[in-house]
Amino acid sequence: MTMELDVFVGNTTIMDEEVYQLWLDGYTVFDAVKVRIDGGVMEECEASADVLLSDTMDQYRTFQMCERLLHSPSKLGNQLLFQIPPHRQAMLIERYYTFDDAFVREVLGKKLSKGTKKDLDDISAKTSVTLKSCRRQFDNFKRVFKVVEELKGPLVENIRQHFLLSDKLARDYAAIVFFANNRFETGKRKLHYLTFQDFAFCAGQLISNWTVGAVDSMVEDMDVDLDKEFLQDLKELKVLITDKDLLDQHKSLVCTALRGKTKAFTEMEANFKNISRGLVNIAAKLTNTKDVRDFFLDLVEKFIEPCRSDRWTAADVRLYLTHYTNSAHILDTFKHQVVWDRYMGVIKSCIFKMYHD
């Protein structure tokens, strides 16, 4: 009996993107096969369940062999074992380092240590992200943190170059590294309404304006450590609330600019001193590590909650903070304009992002 076989020989590694995603999401081979069957792949490819199982197992083995290369993405392009086109390499790397917002929100600001890793079971149950996927994501955060920790130069660029990530993903990792280094509190109930992207935006503002790298572009940890000299200078801003004449003059200038422009004017005028004390005291306390950690909590408690209770709209907040910042430039005896602008530029941006109507 003679048999005819069609044989195809090639050296390009075959990788199915859907199977790769199932592997990344922590599905077992058998669960992945079920998902593929439910998706109609058997009818589409006219394949049997045995063939589908064999194909899935083969691809899972390939992904597992590639994983060590994905830990150092530049090695993927220099190895000869797998013939993977450049565009497919980029996809493998980007997806491997992509993370679930629900997961990162649970670990953001925590120390990337064994202690946190022990909590992954609970985080997996809470977020419905598989434990295997949680471990991959956590290990990725830790790996990136370790690699960029001692590098000189811009944080985002270092991440992008060493891990070959897109600009957007590199910026998200920069936020994760920045939060882990400074241990910002993000888990308190009052902060639960904020998303990872809210925090990532604020991290970008802090990195660009308050770190050592904002004034010196070639020092170690330049985009990770806050500029201690700047934090010390912030104490000078207390004169805005301790000098009664300056406080009254500032209030008068702001209220004159706001009168007739918002329905919340009465509340803005009545609460001006309390709100100003809150914002300036946040600045004055940032030399203390604990107060740096509570930065976002303080913004919520000292500014956002009082404004919400008075029913300010997001437009009201924008109007108020714009005039509050600009009016300080007209104060005759206030001599700390540069520090004030560097501080309030970030405060305004963060509050605008954090204030959800």
# chains A, B, ... in the order shown; residues from 1 in each chain; ligands from 1

$ residues_around --residues "segment 271-274 of chain A" --least-positions-apart "5" --cutoff "9 Å" --atoms "only C-alpha atoms" --output "MDAnalysis selection string"
chainID A and resid 241 247:248 251 254:255 266 279 302 306

$ residues_around --residues "Val29 of chain A" --least-positions-apart "4" --cutoff "9 Å" --atoms "only C-alpha atoms" --output "list in words"
Leu22, Trp23, Val33, Lys34, Leu53, Thr56, Met57 and Tyr60 of chain A

$ write_last_selection --atoms "all heavy atoms" --output "PDB file, in the first residue's frame"
ATOM      1  N   LEU A  22      -2.960  32.801  25.967  1.00  0.00           N
ATOM      2  CA  LEU A  22      -3.485  31.836  26.940  1.00  0.00           C
ATOM      3  C   LEU A  22      -2.374  31.367  27.885  1.00  0.00           C
ATOM      4  O   LEU A  22      -2.581  31.210  29.088  1.00  0.00           O
ATOM      5  CB  LEU A  22      -4.109  30.638  26.215  1.00  0.00           C
ATOM      6  CG  LEU A  22      -5.402  30.930  25.429  1.00  0.00           C
ATOM      7  CD1 LEU A  22      -5.753  29.751  24.538  1.00  0.00           C
ATOM      8  CD2 LEU A  22      -6.549  31.255  26.374  1.00  0.00           C
ATOM      9  N   TRP A  23      -1.184  31.162  27.320  1.00  0.00           N
ATOM     10  CA  TRP A  23      -0.024  30.766  28.135  1.00  0.00           C
ATOM     11  C   TRP A  23       0.346  31.883  29.119  1.00  0.00           C
ATOM     12  O   TRP A  23       0.556  31.640  30.310  1.00  0.00           O
ATOM     13  CB  TRP A  23       1.149  30.436  27.214  1.00  0.00           C
ATOM     14  CG  TRP A  23       2.412  30.074  27.939  1.00  0.00           C
ATOM     15  CD1 TRP A  23       2.678  28.913  28.603  1.00  0.00           C
ATOM     16  CD2 TRP A  23       3.589  30.882  28.062  1.00  0.00           C
ATOM     17  NE1 TRP A  23       3.954  28.946  29.151  1.00  0.00           N
ATOM     18  CE2 TRP A  23       4.540  30.144  28.824  1.00  0.00           C
ATOM     19  CE3 TRP A  23       3.937  32.149  27.602  1.00  0.00           C
ATOM     20  CZ2 TRP A  23       5.801  30.632  29.138  1.00  0.00           C
ATOM     21  CZ3 TRP A  23       5.202  32.643  27.897  1.00  0.00           C
ATOM     22  CH2 TRP A  23       6.116  31.897  28.656  1.00  0.00           C
ATOM     23  N   VAL A  33      -6.780  24.320  25.487  1.00  0.00           N
ATOM     24  CA  VAL A  33      -7.419  23.541  24.421  1.00  0.00           C
ATOM     25  C   VAL A  33      -8.928  23.769  24.438  1.00  0.00           C
ATOM     26  O   VAL A  33      -9.554  23.966  23.393  1.00  0.00           O
ATOM     27  CB  VAL A  33      -7.092  22.036  24.569  1.00  0.00           C
ATOM     28  CG1 VAL A  33      -7.981  21.203  23.640  1.00  0.00           C
ATOM     29  CG2 VAL A  33      -5.619  21.775  24.254  1.00  0.00           C
ATOM     30  N   LYS A  34      -9.514  23.776  25.642  1.00  0.00           N
ATOM     31  CA  LYS A  34     -10.963  23.987  25.759  1.00  0.00           C
ATOM     32  C   LYS A  34     -11.354  25.362  25.219  1.00  0.00           C
ATOM     33  O   LYS A  34     -12.353  25.499  24.498  1.00  0.00           O
ATOM     34  CB  LYS A  34     -11.387  23.854  27.225  1.00  0.00           C
ATOM     35  CG  LYS A  34     -12.904  23.918  27.420  1.00  0.00           C
ATOM     36  CD  LYS A  34     -13.284  23.710  28.870  1.00  0.00           C
ATOM     37  CE  LYS A  34     -14.803  23.648  29.031  1.00  0.00           C
ATOM     38  NZ  LYS A  34     -15.490  24.819  28.465  1.00  0.00           N
ATOM     39  N   LEU A  53      -4.656  19.314  20.786  1.00  0.00           N
ATOM     40  CA  LEU A  53      -3.914  19.111  22.034  1.00  0.00           C
ATOM     41  C   LEU A  53      -2.415  19.062  21.760  1.00  0.00           C
ATOM     42  O   LEU A  53      -1.623  19.710  22.457  1.00  0.00           O
ATOM     43  CB  LEU A  53      -4.367  17.815  22.710  1.00  0.00           C
ATOM     44  CG  LEU A  53      -3.596  17.399  23.975  1.00  0.00           C
ATOM     45  CD1 LEU A  53      -3.732  18.447  25.077  1.00  0.00           C
ATOM     46  CD2 LEU A  53      -4.083  16.040  24.474  1.00  0.00           C
ATOM     47  N   THR A  56      -1.145  22.558  20.864  1.00  0.00           N
ATOM     48  CA  THR A  56      -1.093  23.432  22.045  1.00  0.00           C
ATOM     49  C   THR A  56       0.096  23.071  22.936  1.00  0.00           C
ATOM     50  O   THR A  56       0.823  23.953  23.405  1.00  0.00           O
ATOM     51  CB  THR A  56      -2.411  23.337  22.845  1.00  0.00           C
ATOM     52  OG1 THR A  56      -3.516  23.610  21.981  1.00  0.00           O
ATOM     53  CG2 THR A  56      -2.428  24.334  23.992  1.00  0.00           C
ATOM     54  N   MET A  57       0.302  21.777  23.156  1.00  0.00           N
ATOM     55  CA  MET A  57       1.435  21.334  23.976  1.00  0.00           C
ATOM     56  C   MET A  57       2.765  21.745  23.342  1.00  0.00           C
ATOM     57  O   MET A  57       3.679  22.214  24.029  1.00  0.00           O
ATOM     58  CB  MET A  57       1.398  19.811  24.150  1.00  0.00           C
ATOM     59  CG  MET A  57       0.292  19.325  25.071  1.00  0.00           C
ATOM     60  SD  MET A  57       0.214  17.509  25.179  1.00  0.00           S
ATOM     61  CE  MET A  57       1.722  17.167  26.074  1.00  0.00           C
ATOM     62  N   TYR A  60       3.221  25.494  23.836  1.00  0.00           N
ATOM     63  CA  TYR A  60       3.545  25.785  25.233  1.00  0.00           C
ATOM     64  C   TYR A  60       5.023  25.474  25.515  1.00  0.00           C
ATOM     65  O   TYR A  60       5.699  26.234  26.227  1.00  0.00           O
ATOM     66  CB  TYR A  60       2.646  24.966  26.176  1.00  0.00           C
ATOM     67  CG  TYR A  60       1.406  25.715  26.650  1.00  0.00           C
ATOM     68  CD1 TYR A  60       0.599  26.397  25.746  1.00  0.00           C
ATOM     69  CD2 TYR A  60       1.058  25.741  27.996  1.00  0.00           C
ATOM     70  CE1 TYR A  60      -0.532  27.082  26.180  1.00  0.00           C
ATOM     71  CE2 TYR A  60      -0.077  26.426  28.438  1.00  0.00           C
ATOM     72  CZ  TYR A  60      -0.868  27.094  27.519  1.00  0.00           C
ATOM     73  OH  TYR A  60      -1.975  27.779  27.963  1.00  0.00           O
TER      74      TYR A  60
END

$ closest_residue --among "A:Asn281, A:Thr211, A:Gln64, A:Thr127" --to "Thr242 of chain A" --atoms "only C-alpha atoms"
A:Asn281

$ closest_residue --among "A:Met91, A:Ala170, A:Leu237, A:Ile37" --to "Ala49 of chain A" --atoms "only C-alpha atoms"
A:Ile37

$ closest_residue --among "A:Leu24, A:Leu299, A:Leu69, A:Ile159" --to "Leu131 of chain A" --atoms "only C-alpha atoms"
A:Leu24

$ select_by_dssp --residues "segment 150-321 of chain A" --states "strand (DSSP E or B)" --output "MDAnalysis selection string"
chainID A and resid 152 211 220 226

$ atom_distance --atom1 "atom CA of Val346 of chain A" --atom2 "atom CA of Trp210 of chain A"
8.2 Å

$ residues_around --residues "segment 308-312 of chain A" --least-positions-apart "6" --cutoff "9 Å" --atoms "only C-alpha atoms" --output "ChimeraX atom specification"
/A:263-264,267-268,355,357

$ atom_distance --atom1 "atom CA of Asp16 of chain A" --atom2 "atom CA of Asp50 of chain A"
17.3 Å

$ residues_around --residues "Asn209 of chain A" --least-positions-apart "2" --cutoff "12 Å" --atoms "only C-alpha atoms" --output "number ranges by chain"
A: 202-207, 211-216, 222-227, 230-231, 339, 341-347, 349

$ decode --residues "segment 116-260 of chain A" --atoms "C-alpha atoms" --output "mmCIF file, in the first residue's frame"
data_model
loop_
_atom_site.group_PDB
_atom_site.id
_atom_site.type_symbol
_atom_site.label_atom_id
_atom_site.label_comp_id
_atom_site.auth_asym_id
_atom_site.auth_seq_id
_atom_site.Cartn_x
_atom_site.Cartn_y
_atom_site.Cartn_z
ATOM 1 C CA THR A 116 4.785 40.924 48.917
ATOM 2 C CA LYS A 117 5.219 37.828 46.751
ATOM 3 C CA LYS A 118 3.684 35.744 49.557
ATOM 4 C CA ASP A 119 0.497 37.810 49.163
ATOM 5 C CA LEU A 120 0.044 36.844 45.509
ATOM 6 C CA ASP A 121 -2.400 34.028 46.372
ATOM 7 C CA ASP A 122 -4.761 36.560 47.952
ATOM 8 C CA ILE A 123 -4.235 39.085 45.131
ATOM 9 C CA SER A 124 -4.975 36.381 42.560
ATOM 10 C CA ALA A 125 -8.252 35.502 44.310
ATOM 11 C CA LYS A 126 -9.213 39.175 44.616
ATOM 12 C CA THR A 127 -8.432 40.190 41.027
ATOM 13 C CA SER A 128 -9.321 36.921 39.216
ATOM 14 C CA VAL A 129 -5.865 36.983 37.608
ATOM 15 C CA THR A 130 -4.366 33.474 37.692
ATOM 16 C CA LEU A 131 -1.596 32.888 40.220
ATOM 17 C CA LYS A 132 0.837 31.957 37.452
ATOM 18 C CA SER A 133 0.146 35.229 35.660
ATOM 19 C CA CYS A 134 0.451 37.191 38.941
ATOM 20 C CA ARG A 135 3.882 35.644 39.508
ATOM 21 C CA ARG A 136 5.036 36.495 35.995
ATOM 22 C CA GLN A 137 3.905 40.091 36.345
ATOM 23 C CA PHE A 138 5.431 40.505 39.808
ATOM 24 C CA ASP A 139 8.745 38.988 38.687
ATOM 25 C CA ASN A 140 8.766 41.349 35.696
ATOM 26 C CA PHE A 141 8.305 44.365 37.979
ATOM 27 C CA LYS A 142 11.115 43.150 40.208
ATOM 28 C CA ARG A 143 13.425 42.396 37.251
ATOM 29 C CA VAL A 144 12.964 45.840 35.709
ATOM 30 C CA PHE A 145 13.436 47.519 39.103
ATOM 31 C CA LYS A 146 16.748 45.704 39.689
ATOM 32 C CA VAL A 147 18.145 46.429 36.227
ATOM 33 C CA VAL A 148 17.421 50.175 36.204
ATOM 34 C CA GLU A 149 18.100 50.795 39.890
ATOM 35 C CA GLU A 150 21.745 51.842 39.481
ATOM 36 C CA LEU A 151 21.728 53.091 35.879
ATOM 37 C CA LYS A 152 22.473 56.695 35.010
ATOM 38 C CA GLY A 153 20.258 58.582 32.608
ATOM 39 C CA PRO A 154 16.479 58.920 32.093
ATOM 40 C CA LEU A 155 14.399 56.153 33.660
ATOM 41 C CA VAL A 156 11.917 55.699 30.794
ATOM 42 C CA GLU A 157 14.691 55.562 28.195
ATOM 43 C CA ASN A 158 16.707 53.057 30.218
ATOM 44 C CA ILE A 159 13.675 50.766 30.511
ATOM 45 C CA ARG A 160 12.863 51.133 26.832
ATOM 46 C CA GLN A 161 16.408 50.322 25.723
ATOM 47 C CA HIS A 162 17.090 47.434 28.108
ATOM 48 C CA PHE A 163 13.717 45.721 27.741
ATOM 49 C CA LEU A 164 12.800 46.821 24.193
ATOM 50 C CA LEU A 165 9.341 47.982 25.265
ATOM 51 C CA SER A 166 7.028 50.496 23.611
ATOM 52 C CA ASP A 167 7.181 54.043 24.956
ATOM 53 C CA LYS A 168 3.783 53.698 26.659
ATOM 54 C CA LEU A 169 4.695 50.453 28.438
ATOM 55 C CA ALA A 170 8.136 51.802 29.404
ATOM 56 C CA ARG A 171 6.437 54.824 31.012
ATOM 57 C CA ASP A 172 4.093 52.539 32.947
ATOM 58 C CA TYR A 173 7.073 50.544 34.235
ATOM 59 C CA ALA A 174 8.826 53.792 35.175
ATOM 60 C CA ALA A 175 5.785 54.636 37.326
ATOM 61 C CA ILE A 176 5.907 51.196 38.986
ATOM 62 C CA VAL A 177 9.643 51.557 39.728
ATOM 63 C CA PHE A 178 9.143 55.106 41.047
ATOM 64 C CA PHE A 179 6.296 54.060 43.344
ATOM 65 C CA ALA A 180 8.170 50.994 44.621
ATOM 66 C CA ASN A 181 11.248 53.093 45.395
ATOM 67 C CA ASN A 182 9.363 55.826 47.259
ATOM 68 C CA ARG A 183 6.787 53.444 48.784
ATOM 69 C CA PHE A 184 3.838 55.759 48.142
ATOM 70 C CA GLU A 185 0.673 54.708 49.973
ATOM 71 C CA THR A 186 -1.974 53.634 47.443
ATOM 72 C CA GLY A 187 -3.954 51.003 49.352
ATOM 73 C CA LYS A 188 -6.014 53.087 51.800
ATOM 74 C CA ARG A 189 -9.771 53.042 51.274
ATOM 75 C CA LYS A 190 -9.877 56.746 50.368
ATOM 76 C CA LEU A 191 -7.543 56.045 47.445
ATOM 77 C CA HIS A 192 -9.401 53.024 46.054
ATOM 78 C CA TYR A 193 -11.234 55.126 43.456
ATOM 79 C CA LEU A 194 -7.939 56.001 41.754
ATOM 80 C CA THR A 195 -6.824 53.764 38.893
ATOM 81 C CA PHE A 196 -3.285 52.687 38.043
ATOM 82 C CA GLN A 197 -3.329 55.106 35.100
ATOM 83 C CA ASP A 198 -4.246 57.971 37.467
ATOM 84 C CA PHE A 199 -1.189 57.147 39.572
ATOM 85 C CA ALA A 200 1.016 56.551 36.507
ATOM 86 C CA PHE A 201 0.177 60.019 35.197
ATOM 87 C CA CYS A 202 1.076 61.568 38.562
ATOM 88 C CA ALA A 203 4.311 59.555 38.669
ATOM 89 C CA GLY A 204 5.242 61.044 35.301
ATOM 90 C CA GLN A 205 4.686 64.551 36.675
ATOM 91 C CA LEU A 206 6.760 63.883 39.797
ATOM 92 C CA ILE A 207 9.587 62.274 37.795
ATOM 93 C CA SER A 208 9.722 65.182 35.320
ATOM 94 C CA ASN A 209 9.628 67.952 37.916
ATOM 95 C CA TRP A 210 10.573 66.857 41.448
ATOM 96 C CA THR A 211 13.377 64.324 41.027
ATOM 97 C CA VAL A 212 17.125 64.865 40.907
ATOM 98 C CA GLY A 213 16.888 64.215 37.156
ATOM 99 C CA ALA A 214 14.764 67.337 36.710
ATOM 100 C CA VAL A 215 17.957 69.392 37.373
ATOM 101 C CA ASP A 216 20.801 66.932 36.555
ATOM 102 C CA SER A 217 20.427 64.530 33.649
ATOM 103 C CA MET A 218 23.356 62.185 34.370
ATOM 104 C CA VAL A 219 23.275 60.983 37.961
ATOM 105 C CA GLU A 220 22.379 57.590 39.433
ATOM 106 C CA ASP A 221 18.730 57.180 40.458
ATOM 107 C CA MET A 222 18.070 60.528 38.769
ATOM 108 C CA ASP A 223 14.415 59.768 38.006
ATOM 109 C CA VAL A 224 13.774 57.636 41.095
ATOM 110 C CA ASP A 225 14.859 59.770 44.060
ATOM 111 C CA LEU A 226 13.118 63.037 44.860
ATOM 112 C CA ASP A 227 15.337 66.134 44.862
ATOM 113 C CA LYS A 228 16.143 66.590 48.576
ATOM 114 C CA GLU A 229 17.345 70.171 48.089
ATOM 115 C CA PHE A 230 14.022 71.069 46.465
ATOM 116 C CA LEU A 231 12.064 69.347 49.255
ATOM 117 C CA GLN A 232 14.050 71.390 51.787
ATOM 118 C CA ASP A 233 13.286 74.605 49.872
ATOM 119 C CA LEU A 234 9.557 73.829 50.057
ATOM 120 C CA LYS A 235 9.618 74.754 53.753
ATOM 121 C CA GLU A 236 10.047 78.381 52.662
ATOM 122 C CA LEU A 237 6.502 78.317 51.290
ATOM 123 C CA LYS A 238 5.095 78.246 54.850
ATOM 124 C CA VAL A 239 5.331 82.039 54.878
ATOM 125 C CA LEU A 240 2.148 82.015 52.756
ATOM 126 C CA ILE A 241 0.168 80.737 55.749
ATOM 127 C CA THR A 242 2.218 81.926 58.756
ATOM 128 C CA ASP A 243 2.368 85.597 57.682
ATOM 129 C CA LYS A 244 -1.173 86.844 58.313
ATOM 130 C CA ASP A 245 -0.835 89.851 55.988
ATOM 131 C CA LEU A 246 0.431 87.641 53.171
ATOM 132 C CA LEU A 247 -2.366 85.105 53.758
ATOM 133 C CA ASP A 248 -5.021 87.852 53.697
ATOM 134 C CA GLN A 249 -3.501 89.457 50.606
ATOM 135 C CA HIS A 250 -3.348 86.123 48.794
ATOM 136 C CA LYS A 251 -6.995 85.414 49.666
ATOM 137 C CA SER A 252 -8.068 88.851 48.453
ATOM 138 C CA LEU A 253 -6.300 88.440 45.101
ATOM 139 C CA VAL A 254 -7.729 84.974 44.494
ATOM 140 C CA CYS A 255 -11.290 85.907 45.503
ATOM 141 C CA THR A 256 -11.236 89.036 43.344
ATOM 142 C CA ALA A 257 -10.229 86.901 40.351
ATOM 143 C CA LEU A 258 -12.902 84.271 41.098
ATOM 144 C CA ARG A 259 -15.894 86.489 41.925
ATOM 145 C CA GLY A 260 -18.721 86.011 39.421
#
